[in-house]
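Enquirer: I am sharing start_36.txt, which consists of compact mmCIF, C-alpha atoms:
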# COMPACT_ATOMS: atom_id res chain seq x y z
CA MET A 1 0.00 0.00 0.00
CA ILE A 2 1.40 3.38 -1.09
CA ASP A 3 0.38 6.79 0.23
CA ALA A 4 0.88 8.88 -2.91
CA HIS A 5 0.60 12.28 -1.25
CA GLN A 6 1.92 13.53 2.09
CA HIS A 7 4.12 16.34 3.36
CA PHE A 8 6.94 16.90 5.80
CA ILE A 9 6.88 20.24 7.60
CA ASP A 10 9.91 21.78 9.26
CA PHE A 11 7.87 24.32 11.22
CA PRO A 12 8.56 27.15 12.13
CA HIS A 13 10.60 27.74 8.97
CA PRO A 14 9.70 31.24 7.66
CA ASP A 15 8.63 29.88 4.26
CA TYR A 16 5.50 28.35 5.82
CA ALA A 17 3.59 31.63 5.68
CA TRP A 18 0.49 29.70 4.55
CA ILE A 19 0.30 28.02 7.97
CA ASP A 20 -1.53 30.78 9.83
CA GLU A 21 -2.95 30.98 13.36
CA SER A 22 -6.13 29.19 12.27
CA MET A 23 -4.10 26.04 11.53
CA GLN A 24 -2.95 25.10 15.00
CA PRO A 25 -2.58 21.35 14.25
CA LEU A 26 0.06 22.26 11.63
CA ARG A 27 2.04 24.73 13.72
CA ARG A 28 4.61 22.13 14.72
CA ALA A 29 7.13 19.95 12.93
CA ALA A 30 5.84 16.90 11.05
CA MET A 31 8.79 14.67 10.28
CA PRO A 32 9.51 11.10 9.10
CA ASP A 33 9.76 9.78 12.65
CA ASP A 34 6.26 11.13 13.26
CA LEU A 35 4.76 9.62 10.11
CA GLU A 36 6.37 6.19 9.98
CA PRO A 37 4.44 4.67 12.92
CA ILE A 38 1.19 6.12 11.55
CA LEU A 39 1.79 4.49 8.19
CA ARG A 40 2.67 1.19 9.83
CA ALA A 41 -0.48 1.28 11.98
CA ASN A 42 -2.60 1.78 8.86
CA GLY A 43 -0.93 -0.91 6.76
CA VAL A 44 0.90 1.52 4.47
CA ASP A 45 4.31 0.38 3.18
CA GLY A 46 5.63 3.58 1.63
CA CYS A 47 4.81 7.13 0.62
CA VAL A 48 5.52 9.93 -1.83
CA ALA A 49 6.61 13.18 -0.16
CA VAL A 50 5.25 16.31 -1.86
CA GLN A 51 6.57 19.86 -1.65
CA ALA A 52 5.03 22.29 0.85
CA ARG A 53 7.38 25.25 0.26
CA GLU A 54 8.23 26.95 -3.01
CA SER A 55 11.99 26.57 -2.86
CA LEU A 56 14.76 24.39 -4.23
CA GLU A 57 16.10 24.30 -0.70
CA GLU A 58 13.05 22.32 0.40
CA THR A 59 13.27 20.04 -2.65
CA ARG A 60 16.83 19.10 -1.73
CA TRP A 61 15.81 18.69 1.93
CA LEU A 62 13.02 16.27 0.99
CA LEU A 63 15.39 14.30 -1.22
CA GLY A 64 17.80 14.05 1.69
CA LEU A 65 15.02 12.69 3.89
CA ALA A 66 14.21 10.08 1.25
CA GLU A 67 17.80 8.91 1.22
CA GLN A 68 17.69 8.48 5.02
CA HIS A 69 14.26 6.82 5.33
CA GLY A 70 13.45 3.82 3.15
CA PHE A 71 9.68 4.20 3.44
CA ILE A 72 9.85 7.50 1.49
CA ARG A 73 9.72 5.98 -1.99
CA GLY A 74 9.69 9.20 -4.03
CA VAL A 75 9.69 12.99 -3.86
CA VAL A 76 7.60 15.52 -5.79
CA GLY A 77 9.62 18.71 -5.47
CA TRP A 78 9.37 22.34 -6.55
CA VAL A 79 11.26 24.14 -9.29
CA ASP A 80 10.88 27.53 -10.95
CA LEU A 81 9.27 26.72 -14.28
CA ALA A 82 10.41 30.03 -15.78
CA ALA A 83 14.08 29.70 -14.81
CA ASP A 84 16.49 29.87 -17.75
CA ASP A 85 18.64 27.14 -16.22
CA LEU A 86 15.74 24.76 -15.51
CA PRO A 87 16.98 21.93 -17.79
CA SER A 88 20.40 21.89 -16.14
CA THR A 89 18.85 22.17 -12.67
CA LEU A 90 16.64 19.16 -13.36
CA ALA A 91 19.52 17.19 -14.84
CA GLY A 92 21.62 17.84 -11.75
CA LEU A 93 18.84 16.88 -9.36
CA ARG A 94 18.06 13.70 -11.30
CA ARG A 95 21.72 12.71 -11.45
CA GLN A 96 22.22 13.17 -7.71
CA HIS A 97 18.83 12.07 -6.42
CA PRO A 98 17.00 9.10 -7.97
CA HIS A 99 14.09 9.68 -5.57
CA LEU A 100 12.98 12.79 -7.51
CA VAL A 101 9.91 11.54 -9.39
CA GLY A 102 7.94 14.70 -10.08
CA VAL A 103 7.43 18.43 -9.73
CA ARG A 104 4.63 20.56 -8.33
CA ASN A 105 3.90 24.29 -8.31
CA VAL A 106 1.34 26.10 -6.14
CA VAL A 107 -1.16 27.15 -8.80
CA GLN A 108 -4.32 26.91 -6.70
CA ASP A 109 -4.30 30.56 -5.56
CA LYS A 110 -3.31 32.15 -8.87
CA PRO A 111 -6.14 34.35 -10.21
CA ASP A 112 -5.33 33.61 -13.86
CA PRO A 113 -7.38 30.54 -14.90
CA ASP A 114 -4.93 29.94 -17.76
CA TRP A 115 -1.70 30.32 -15.77
CA LEU A 116 -0.64 26.82 -16.84
CA LEU A 117 -0.87 27.89 -20.50
CA ARG A 118 1.50 30.86 -20.24
CA PRO A 119 4.42 30.51 -22.68
CA GLU A 120 7.09 30.49 -19.97
CA VAL A 121 5.15 27.86 -18.01
CA LEU A 122 4.69 25.63 -21.05
CA LYS A 123 8.42 25.85 -21.75
CA GLY A 124 9.12 24.78 -18.17
CA LEU A 125 6.66 21.90 -18.39
CA GLU A 126 8.36 20.72 -21.57
CA ALA A 127 11.59 20.59 -19.57
CA ILE A 128 9.82 18.55 -16.87
CA ARG A 129 8.62 16.08 -19.51
CA ASP A 130 12.02 15.89 -21.19
CA ALA A 131 13.66 15.15 -17.83
CA GLY A 132 11.40 12.11 -17.42
CA LEU A 133 9.48 13.62 -14.51
CA THR A 134 5.75 13.81 -13.75
CA TYR A 135 3.74 16.92 -12.89
CA ASP A 136 1.32 17.29 -9.96
CA LEU A 137 -1.52 19.72 -10.61
CA LEU A 138 -2.34 21.72 -7.47
CA ILE A 139 -5.31 23.62 -8.89
CA ARG A 140 -8.92 24.52 -8.22
CA PRO A 141 -11.99 24.22 -10.48
CA LEU A 142 -11.11 27.68 -11.87
CA HIS A 143 -7.98 26.26 -13.51
CA MET A 144 -9.21 22.79 -14.45
CA PRO A 145 -10.60 23.65 -17.94
CA SER A 146 -7.07 24.57 -19.02
CA VAL A 147 -5.74 21.04 -18.45
CA PRO A 148 -7.05 19.43 -21.67
CA ARG A 149 -5.42 22.28 -23.61
CA LEU A 150 -2.23 21.83 -21.59
CA ALA A 151 -2.16 18.14 -22.51
CA GLN A 152 -2.33 19.10 -26.18
CA ALA A 153 0.36 21.78 -25.80
CA VAL A 154 2.82 19.49 -23.98
CA PRO A 155 2.14 15.98 -25.31
CA GLY A 156 3.70 13.20 -23.31
CA LEU A 157 3.69 15.07 -19.99
CA ASP A 158 2.33 12.71 -17.32
CA MET A 159 0.05 14.70 -15.00
CA VAL A 160 -1.90 13.96 -11.84
CA LEU A 161 -4.61 16.11 -10.30
CA ASP A 162 -4.08 16.61 -6.57
CA HIS A 163 -7.02 16.51 -4.14
CA ILE A 164 -9.54 15.84 -6.95
CA GLY A 165 -9.24 19.54 -7.85
CA LYS A 166 -10.39 20.87 -4.47
CA PRO A 167 -14.17 21.03 -5.01
CA ASP A 168 -16.42 22.76 -2.49
CA ILE A 169 -17.36 19.63 -0.55
CA LYS A 170 -18.61 21.69 2.38
CA ALA A 171 -21.29 23.22 0.14
CA GLY A 172 -22.47 19.79 -0.91
CA SER A 173 -22.12 20.34 -4.65
CA ASP A 174 -19.82 22.14 -7.09
CA PRO A 175 -21.22 22.24 -10.63
CA ALA A 176 -18.11 23.85 -12.14
CA TRP A 177 -15.92 21.11 -10.66
CA HIS A 178 -18.37 18.37 -11.71
CA ASP A 179 -18.13 19.33 -15.39
CA ALA A 180 -14.41 20.15 -15.35
CA ILE A 181 -13.34 16.86 -13.83
CA ALA A 182 -15.44 14.97 -16.36
CA ALA A 183 -13.55 16.79 -19.14
CA MET A 184 -10.20 16.04 -17.48
CA GLY A 185 -11.11 12.38 -17.18
CA GLU A 186 -11.40 12.19 -20.97
CA VAL A 187 -7.75 13.22 -21.42
CA PRO A 188 -5.56 10.10 -21.75
CA GLY A 189 -2.67 9.98 -19.32
CA VAL A 190 -4.11 12.44 -16.80
CA HIS A 191 -4.38 10.80 -13.37
CA CYS A 192 -6.07 11.90 -10.15
CA LYS A 193 -5.45 11.55 -6.41
CA LEU A 194 -8.26 10.77 -4.03
CA SER A 195 -6.68 13.00 -1.41
CA GLY A 196 -7.21 16.23 0.48
CA MET A 197 -10.98 15.90 0.57
CA ILE A 198 -11.81 16.15 4.27
CA THR A 199 -10.14 19.57 4.47
CA GLU A 200 -12.52 20.80 1.75
CA ALA A 201 -15.48 19.53 3.83
CA ASP A 202 -16.78 20.77 7.18
CA HIS A 203 -13.74 20.23 9.40
CA ASP A 204 -15.82 19.49 12.47
CA GLY A 205 -18.80 17.66 11.00
CA TRP A 206 -17.81 15.81 7.81
CA THR A 207 -18.84 12.21 7.26
CA ALA A 208 -18.28 9.69 4.49
CA ASP A 209 -21.73 10.63 3.15
CA HIS A 210 -20.43 14.14 2.41
CA LEU A 211 -17.47 12.72 0.48
CA GLU A 212 -19.38 10.02 -1.39
CA PRO A 213 -20.84 11.98 -4.35
CA PHE A 214 -17.47 13.58 -5.08
CA VAL A 215 -15.60 10.29 -4.76
CA ARG A 216 -18.09 8.35 -6.89
CA HIS A 217 -18.04 10.99 -9.67
CA THR A 218 -14.23 11.03 -9.69
CA VAL A 219 -14.11 7.24 -9.91
CA ALA A 220 -16.62 7.30 -12.78
CA CYS A 221 -14.53 9.86 -14.67
CA PHE A 222 -11.08 8.29 -14.20
CA GLY A 223 -11.47 4.62 -13.37
CA TYR A 224 -9.16 2.85 -10.96
CA ASP A 225 -6.32 2.57 -13.49
CA ARG A 226 -5.78 6.33 -13.14
CA LEU A 227 -6.60 6.89 -9.48
CA MET A 228 -4.33 6.77 -6.45
CA PHE A 229 -4.79 7.25 -2.73
CA GLY A 230 -3.10 10.10 -0.86
CA SER A 231 -3.47 11.06 2.79
CA ASP A 232 -2.38 14.70 2.58
CA TRP A 233 -0.88 14.17 6.06
CA PRO A 234 -0.34 16.26 8.14
CA VAL A 235 -2.68 18.77 6.46
CA CYS A 236 -5.51 16.25 6.89
CA ARG A 237 -5.16 16.78 10.64
CA LEU A 238 -7.07 20.06 10.25
CA ALA A 239 -10.16 17.88 9.84
CA GLY A 240 -9.21 14.42 11.08
CA GLU A 241 -6.41 12.02 11.93
CA TYR A 242 -4.96 9.59 9.40
CA ASP A 243 -7.09 6.61 10.41
CA ALA A 244 -10.34 8.63 10.33
CA MET A 245 -9.46 10.07 6.92
CA LEU A 246 -8.70 6.62 5.50
CA ALA A 247 -11.85 5.09 6.97
CA GLY A 248 -13.93 7.92 5.52
CA LEU A 249 -12.48 7.32 2.05
CA ARG A 250 -13.11 3.58 2.25
CA ASP A 251 -16.71 4.16 3.35
CA ALA A 252 -17.27 6.72 0.58
CA LEU A 253 -15.93 4.27 -2.01
CA GLY A 254 -18.20 1.46 -0.87
CA PRO A 255 -17.45 -2.14 -1.86
CA ILE A 256 -14.74 -2.48 -4.52
CA ASP A 257 -13.11 -5.63 -5.83
CA LEU A 258 -9.57 -6.61 -4.91
CA ASP A 259 -8.04 -5.67 -8.27
CA ASP A 260 -9.50 -2.16 -8.12
CA ALA A 261 -8.38 -1.76 -4.51
CA ASP A 262 -4.86 -2.82 -5.50
CA ARG A 263 -4.78 -0.20 -8.27
CA LEU A 264 -6.11 2.60 -6.08
CA PHE A 265 -4.04 1.94 -2.99
CA ASP A 266 -0.83 0.66 -4.55
CA ALA A 267 -0.23 -0.19 -8.20
CA THR A 268 -1.23 3.08 -9.87
CA ALA A 269 1.11 5.16 -7.72
CA ARG A 270 3.99 2.73 -8.27
CA ARG A 271 3.49 2.83 -12.03
CA PHE A 272 2.83 6.57 -12.40
CA TYR A 273 5.82 7.64 -10.32
CA GLY A 274 8.08 4.78 -11.42
CA LEU A 275 8.73 3.80 -7.83
CA GLU A 276 9.88 0.26 -8.64
CA SER A 277 12.87 1.60 -10.61
CA ILE A 278 14.28 3.54 -7.64
CA ARG A 279 17.09 1.87 -5.75
With the file now loaded, output its structure as structure tokens.
Expert:
Amino acid sequence: MIDAHQHFIDFPHPDYAWIDESMQPLRRAAMPDDLEPILRANGVDGCVAVQARESLEETRWLLGLAEQHGFIRGVVGWVDLAADDLPSTLAGLRRQHPHLVGVRNVVQDKPDPDWLLRPEVLKGLEAIRDAGLTYDLLIRPLHMPSVPRLAQAVPGLDMVLDHIGKPDIKAGSDPAWHDAIAAMGEVPGVHCKLSGMITEADHDGWTADHLEPFVRHTVACFGYDRLMFGSDWPVCRLAGEYDAMLAGLRDALGPIDLDDADRLFDATARRFYGLESIR
């Protein structure tokens, strides 16, 4: 079982400006020694660590953690997509750190719905593709309609949508998300993480019933061959501990056969991120 999406937080590093006073559960360090027993208790064998700061410093720090802790199977880091030296930066990181499997940028709060289609961004994403890396999409429904066009502009770039696109689960429905994720599901090669959902619901009152329509629609759009489980730990702790989050997802999914469960909770993440090739 692979957790395809979690974070390590070296709080109180100044780059965590997004962790404000309202996020008390996150205002402390969350490190490998904290996560490993949680994974073990929930039957999870390994994880993919994803960037939480927009800096190469953090990317290198995460890669160092992966070299020290065998359960960290891969790292999705951050790079500046517009940097002139991006190809050489990626080549250097790949040469030194086999655990680098992908890149992510914080697009979710950008007001431009077509930020991913800017010429300098497309050039950077071409460099990501050419380096043999994947791209995590941290976006909201506002940005989701640009993804099919992005797939045409950068063919061969393997992409995965984080947190099912962050729909308004608390409101109970999100028509813009509903249509946009259906369109994304029609794009070959685009994957999706069933992650980060309880923090988009009512933090104090969510149940599996609140998650179910969003989970079922995502499954219908992508199928289990393109879906992977992610905890979003420790951010999930804003709304629930790891075991509660995982139980809520399982309940929202309902009965699934063993092959589909294997794809969702293990095989898809291994294949998409190439985890089996890392030594």
Enquirer: Kindly extract all protein, DNA and RNA residues lying within 8 Å of the coordinates (3.4, 13.2, 2.0) given in the file, considering all atoms listed in the file, and supply them as an NGL selection string.
Expert: :A and (3-8 or 47-50 or 230-234)
Enquirer: Kindly list the centre and edge lengths in Å, rounded to one decimal, for the axis-aligned box that covers all listed atoms of segment 26-36 of chain A plus 5 Å on each of its six sides, as JSON.
Expert:
{"center_x": 4.9, "center_y": 15.5, "center_z": 11.9, "size_x": 19.7, "size_y": 28.5, "size_z": 15.6}
Enquirer: Restricting the calculation to only C-alpha atoms, which member of A:Leu246, A:Ile19, A:Ile256, A:Val190 is positioned closest to Ala208 of chain A?
Expert: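 Nearest candidate to Ala208 of chain A out of A:Leu246, A:Ile19, A:Ile256, A:Val190: A:Leu246.
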Enquirer: Within 6 Å of Val103 of chain A, counting all atoms listed in the file, which residues show up once you throw out same-chain ones fewer than 3 positions away? Write them as JSON, numbers by chain, please.
Expert: {"A": [76, 77, 78, 135]}
Enquirer: Between atom CA of Asp10 of chain A and atom CA of Thr89 of chain A, what is the spacing in Å?
Expert: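 Between these atoms lies a distance of 23.7 Å.
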Enquirer: Excluding Leu81 of chain A and any residue of its chain fewer than 3 positions from it, enumerate the residues within 8 Å of it, using only C-alpha atoms, and give them as a list in words.
Expert: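 Residues near the query, excluding close chain neighbours: Leu86, Glu120, Val121, Lys123, Gly124 and Leu125 of chain A.
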Enquirer: Sort by chain and increasing residue number a table of all residues of segment 51-150 of chain A within 12 Å of segment 257-269 of chain A, each with its closest pair of atoms and their distance in Å to one decimal, counting all atoms listed in the file, and write it as JSON lines.
Expert:
{"residue": "A:Arg73", "atom": "CA", "partner": "A:Ala269", "partner_atom": "CA", "distance": 10.4}
{"residue": "A:Gly74", "atom": "CA", "partner": "A:Ala269", "partner_atom": "CA", "distance": 10.2}
{"residue": "A:Val101", "atom": "CA", "partner": "A:Ala269", "partner_atom": "CA", "distance": 11.0}
{"residue": "A:Gly102", "atom": "CA", "partner": "A:Ala269", "partner_atom": "CA", "distance": 12.0}
{"residue": "A:Thr134", "atom": "CA", "partner": "A:Ala269", "partner_atom": "CA", "distance": 11.5}
Enquirer: Just checking: using all atoms listed in the file, which residue out of A:Ala182, A:Leu194, A:Ala244, A:Ile164 ends up closest to Ala220 of chain A?
Expert: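 For Ala220 of chain A, the nearest of the candidates is A:Ala182.
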Enquirer: Compare A:Gly205, A:Gly189, A:Gly196, A:Gly156 by their minimum atom-to-atom distance to Phe272 of chain A, counting all atoms listed in the file, and give me the closest one.
Expert: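 Residue with the minimum atom-to-atom distance to Phe272 of chain A: A:Gly189.
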Enquirer: What separation in Å, quoted to one decimal, exists between atom CA of Val187 of chain A and atom CA of Pro148 of chain A?
Expert: 6.3 Å
Enquirer: Please compute the atom CA of Gly46 of chain A-atom CA of Leu275 of chain A distance, one decimal, in Å.
Expert: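 So the two atoms, atom CA of Gly46 of chain A and atom CA of Leu275 of chain A, lie 10.0 Å apart.
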Enquirer: Taking (-21.9, 20.2, -0.5) in the file's coordinates as the center, which residues reach within 10 Å of it, counting all atoms listed in the file, put as an MDAnalysis selection string?
Expert: chainID A and resid 167:174 200:202 210:211 213:214
Enquirer: Pick out the closest residue to Gly240 of chain A from this set: A:Glu212, A:Asp225, A:Asp204, A:Asp34. Count all atoms listed in the file.
Expert: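 Checking each of A:Glu212, A:Asp225, A:Asp204, A:Asp34 against Gly240 of chain A, counting all atoms listed in the file, the winner is A:Asp204.
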Enquirer: As a PDB file, in the coordinates of the input, please: segment 267-278 of chain A completed to all heavy atoms.
Expert:
ATOM      1  N   ALA A 267      -0.863   0.002  -6.900  1.00  0.00           N
ATOM      2  CA  ALA A 267      -0.230  -0.190  -8.200  1.00  0.00           C
ATOM      3  C   ALA A 267      -0.173   1.072  -9.052  1.00  0.00           C
ATOM      4  O   ALA A 267       0.823   1.310  -9.750  1.00  0.00           O
ATOM      5  CB  ALA A 267      -0.948  -1.309  -8.970  1.00  0.00           C
ATOM      6  N   THR A 268      -1.223   1.879  -9.021  1.00  0.00           N
ATOM      7  CA  THR A 268      -1.230   3.080  -9.870  1.00  0.00           C
ATOM      8  C   THR A 268      -0.131   4.048  -9.466  1.00  0.00           C
ATOM      9  O   THR A 268       0.569   4.600 -10.328  1.00  0.00           O
ATOM     10  CB  THR A 268      -2.602   3.776  -9.821  1.00  0.00           C
ATOM     11  OG1 THR A 268      -3.612   2.869 -10.254  1.00  0.00           O
ATOM     12  CG2 THR A 268      -2.619   4.997 -10.729  1.00  0.00           C
ATOM     13  N   ALA A 269       0.050   4.261  -8.182  1.00  0.00           N
ATOM     14  CA  ALA A 269       1.110   5.160  -7.720  1.00  0.00           C
ATOM     15  C   ALA A 269       2.480   4.623  -8.082  1.00  0.00           C
ATOM     16  O   ALA A 269       3.367   5.380  -8.520  1.00  0.00           O
ATOM     17  CB  ALA A 269       1.003   5.361  -6.211  1.00  0.00           C
ATOM     18  N   ARG A 270       2.688   3.317  -7.910  1.00  0.00           N
ATOM     19  CA  ARG A 270       3.990   2.730  -8.270  1.00  0.00           C
ATOM     20  C   ARG A 270       4.290   2.922  -9.746  1.00  0.00           C
ATOM     21  O   ARG A 270       5.417   3.262 -10.130  1.00  0.00           O
ATOM     22  CB  ARG A 270       3.998   1.239  -7.919  1.00  0.00           C
ATOM     23  CG  ARG A 270       3.960   0.941  -6.424  1.00  0.00           C
ATOM     24  CD  ARG A 270       4.012  -0.566  -6.188  1.00  0.00           C
ATOM     25  NE  ARG A 270       3.775  -0.896  -4.793  1.00  0.00           N
ATOM     26  CZ  ARG A 270       4.724  -0.955  -3.853  1.00  0.00           C
ATOM     27  NH1 ARG A 270       5.978  -0.700  -4.175  1.00  0.00           N
ATOM     28  NH2 ARG A 270       4.431  -1.281  -2.607  1.00  0.00           N
ATOM     29  N   ARG A 271       3.280   2.695 -10.584  1.00  0.00           N
ATOM     30  CA  ARG A 271       3.490   2.830 -12.030  1.00  0.00           C
ATOM     31  C   ARG A 271       3.674   4.286 -12.431  1.00  0.00           C
ATOM     32  O   ARG A 271       4.610   4.615 -13.169  1.00  0.00           O
ATOM     33  CB  ARG A 271       2.293   2.220 -12.777  1.00  0.00           C
ATOM     34  CG  ARG A 271       2.301   2.481 -14.278  1.00  0.00           C
ATOM     35  CD  ARG A 271       1.121   1.828 -14.970  1.00  0.00           C
ATOM     36  NE  ARG A 271      -0.152   2.140 -14.354  1.00  0.00           N
ATOM     37  CZ  ARG A 271      -0.824   3.294 -14.520  1.00  0.00           C
ATOM     38  NH1 ARG A 271      -0.322   4.242 -15.294  1.00  0.00           N
ATOM     39  NH2 ARG A 271      -1.996   3.469 -13.935  1.00  0.00           N
ATOM     40  N   PHE A 272       2.779   5.166 -11.972  1.00  0.00           N
ATOM     41  CA  PHE A 272       2.830   6.570 -12.400  1.00  0.00           C
ATOM     42  C   PHE A 272       4.152   7.222 -12.015  1.00  0.00           C
ATOM     43  O   PHE A 272       4.767   7.911 -12.837  1.00  0.00           O
ATOM     44  CB  PHE A 272       1.655   7.335 -11.761  1.00  0.00           C
ATOM     45  CG  PHE A 272       1.623   8.789 -12.145  1.00  0.00           C
ATOM     46  CD1 PHE A 272       1.080   9.197 -13.351  1.00  0.00           C
ATOM     47  CD2 PHE A 272       2.131   9.764 -11.283  1.00  0.00           C
ATOM     48  CE1 PHE A 272       1.051  10.537 -13.704  1.00  0.00           C
ATOM     49  CE2 PHE A 272       2.108  11.106 -11.637  1.00  0.00           C
ATOM     50  CZ  PHE A 272       1.561  11.489 -12.848  1.00  0.00           C
ATOM     51  N   TYR A 273       4.602   7.003 -10.789  1.00  0.00           N
ATOM     52  CA  TYR A 273       5.820   7.640 -10.320  1.00  0.00           C
ATOM     53  C   TYR A 273       7.075   6.794 -10.582  1.00  0.00           C
ATOM     54  O   TYR A 273       8.186   7.239 -10.236  1.00  0.00           O
ATOM     55  CB  TYR A 273       5.707   7.942  -8.824  1.00  0.00           C
ATOM     56  CG  TYR A 273       4.817   9.127  -8.506  1.00  0.00           C
ATOM     57  CD1 TYR A 273       3.718   8.977  -7.677  1.00  0.00           C
ATOM     58  CD2 TYR A 273       5.089  10.389  -9.016  1.00  0.00           C
ATOM     59  CE1 TYR A 273       2.905  10.067  -7.366  1.00  0.00           C
ATOM     60  CE2 TYR A 273       4.279  11.476  -8.720  1.00  0.00           C
ATOM     61  CZ  TYR A 273       3.200  11.314  -7.890  1.00  0.00           C
ATOM     62  OH  TYR A 273       2.403  12.387  -7.579  1.00  0.00           O
ATOM     63  N   GLY A 274       6.915   5.614 -11.141  1.00  0.00           N
ATOM     64  CA  GLY A 274       8.080   4.780 -11.420  1.00  0.00           C
ATOM     65  C   GLY A 274       8.835   4.354 -10.167  1.00  0.00           C
ATOM     66  O   GLY A 274      10.065   4.263 -10.164  1.00  0.00           O
ATOM     67  N   LEU A 275       8.092   4.057  -9.108  1.00  0.00           N
ATOM     68  CA  LEU A 275       8.730   3.800  -7.830  1.00  0.00           C
ATOM     69  C   LEU A 275       9.544   2.508  -7.822  1.00  0.00           C
ATOM     70  O   LEU A 275      10.510   2.393  -7.060  1.00  0.00           O
ATOM     71  CB  LEU A 275       7.663   3.735  -6.723  1.00  0.00           C
ATOM     72  CG  LEU A 275       6.800   4.991  -6.552  1.00  0.00           C
ATOM     73  CD1 LEU A 275       5.846   4.816  -5.368  1.00  0.00           C
ATOM     74  CD2 LEU A 275       7.667   6.245  -6.354  1.00  0.00           C
ATOM     75  N   GLU A 276       9.171   1.545  -8.650  1.00  0.00           N
ATOM     76  CA  GLU A 276       9.880   0.260  -8.640  1.00  0.00           C
ATOM     77  C   GLU A 276      11.288   0.387  -9.211  1.00  0.00           C
ATOM     78  O   GLU A 276      12.146  -0.463  -8.955  1.00  0.00           O
ATOM     79  CB  GLU A 276       9.098  -0.783  -9.412  1.00  0.00           C
ATOM     80  CG  GLU A 276       7.751  -1.128  -8.800  1.00  0.00           C
ATOM     81  CD  GLU A 276       7.858  -1.578  -7.361  1.00  0.00           C
ATOM     82  OE1 GLU A 276       8.719  -2.416  -7.059  1.00  0.00           O
ATOM     83  OE2 GLU A 276       7.098  -1.074  -6.530  1.00  0.00           O
ATOM     84  N   SER A 277      11.547   1.452  -9.981  1.00  0.00           N
ATOM     85  CA  SER A 277      12.870   1.600 -10.610  1.00  0.00           C
ATOM     86  C   SER A 277      13.869   2.307  -9.698  1.00  0.00           C
ATOM     87  O   SER A 277      15.050   2.419 -10.047  1.00  0.00           O
ATOM     88  CB  SER A 277      12.742   2.384 -11.915  1.00  0.00           C
ATOM     89  OG  SER A 277      12.321   3.722 -11.663  1.00  0.00           O
ATOM     90  N   ILE A 278      13.406   2.790  -8.543  1.00  0.00           N
ATOM     91  CA  ILE A 278      14.280   3.540  -7.640  1.00  0.00           C
ATOM     92  C   ILE A 278      15.004   2.566  -6.723  1.00  0.00           C
ATOM     93  O   ILE A 278      14.378   1.724  -6.079  1.00  0.00           O
ATOM     94  CB  ILE A 278      13.473   4.559  -6.823  1.00  0.00           C
ATOM     95  CG1 ILE A 278      12.805   5.568  -7.758  1.00  0.00           C
ATOM     96  CG2 ILE A 278      14.378   5.284  -5.821  1.00  0.00           C
ATOM     97  CD1 ILE A 278      11.838   6.489  -7.056  1.00  0.00           C
TER      98      ILE A 278
END
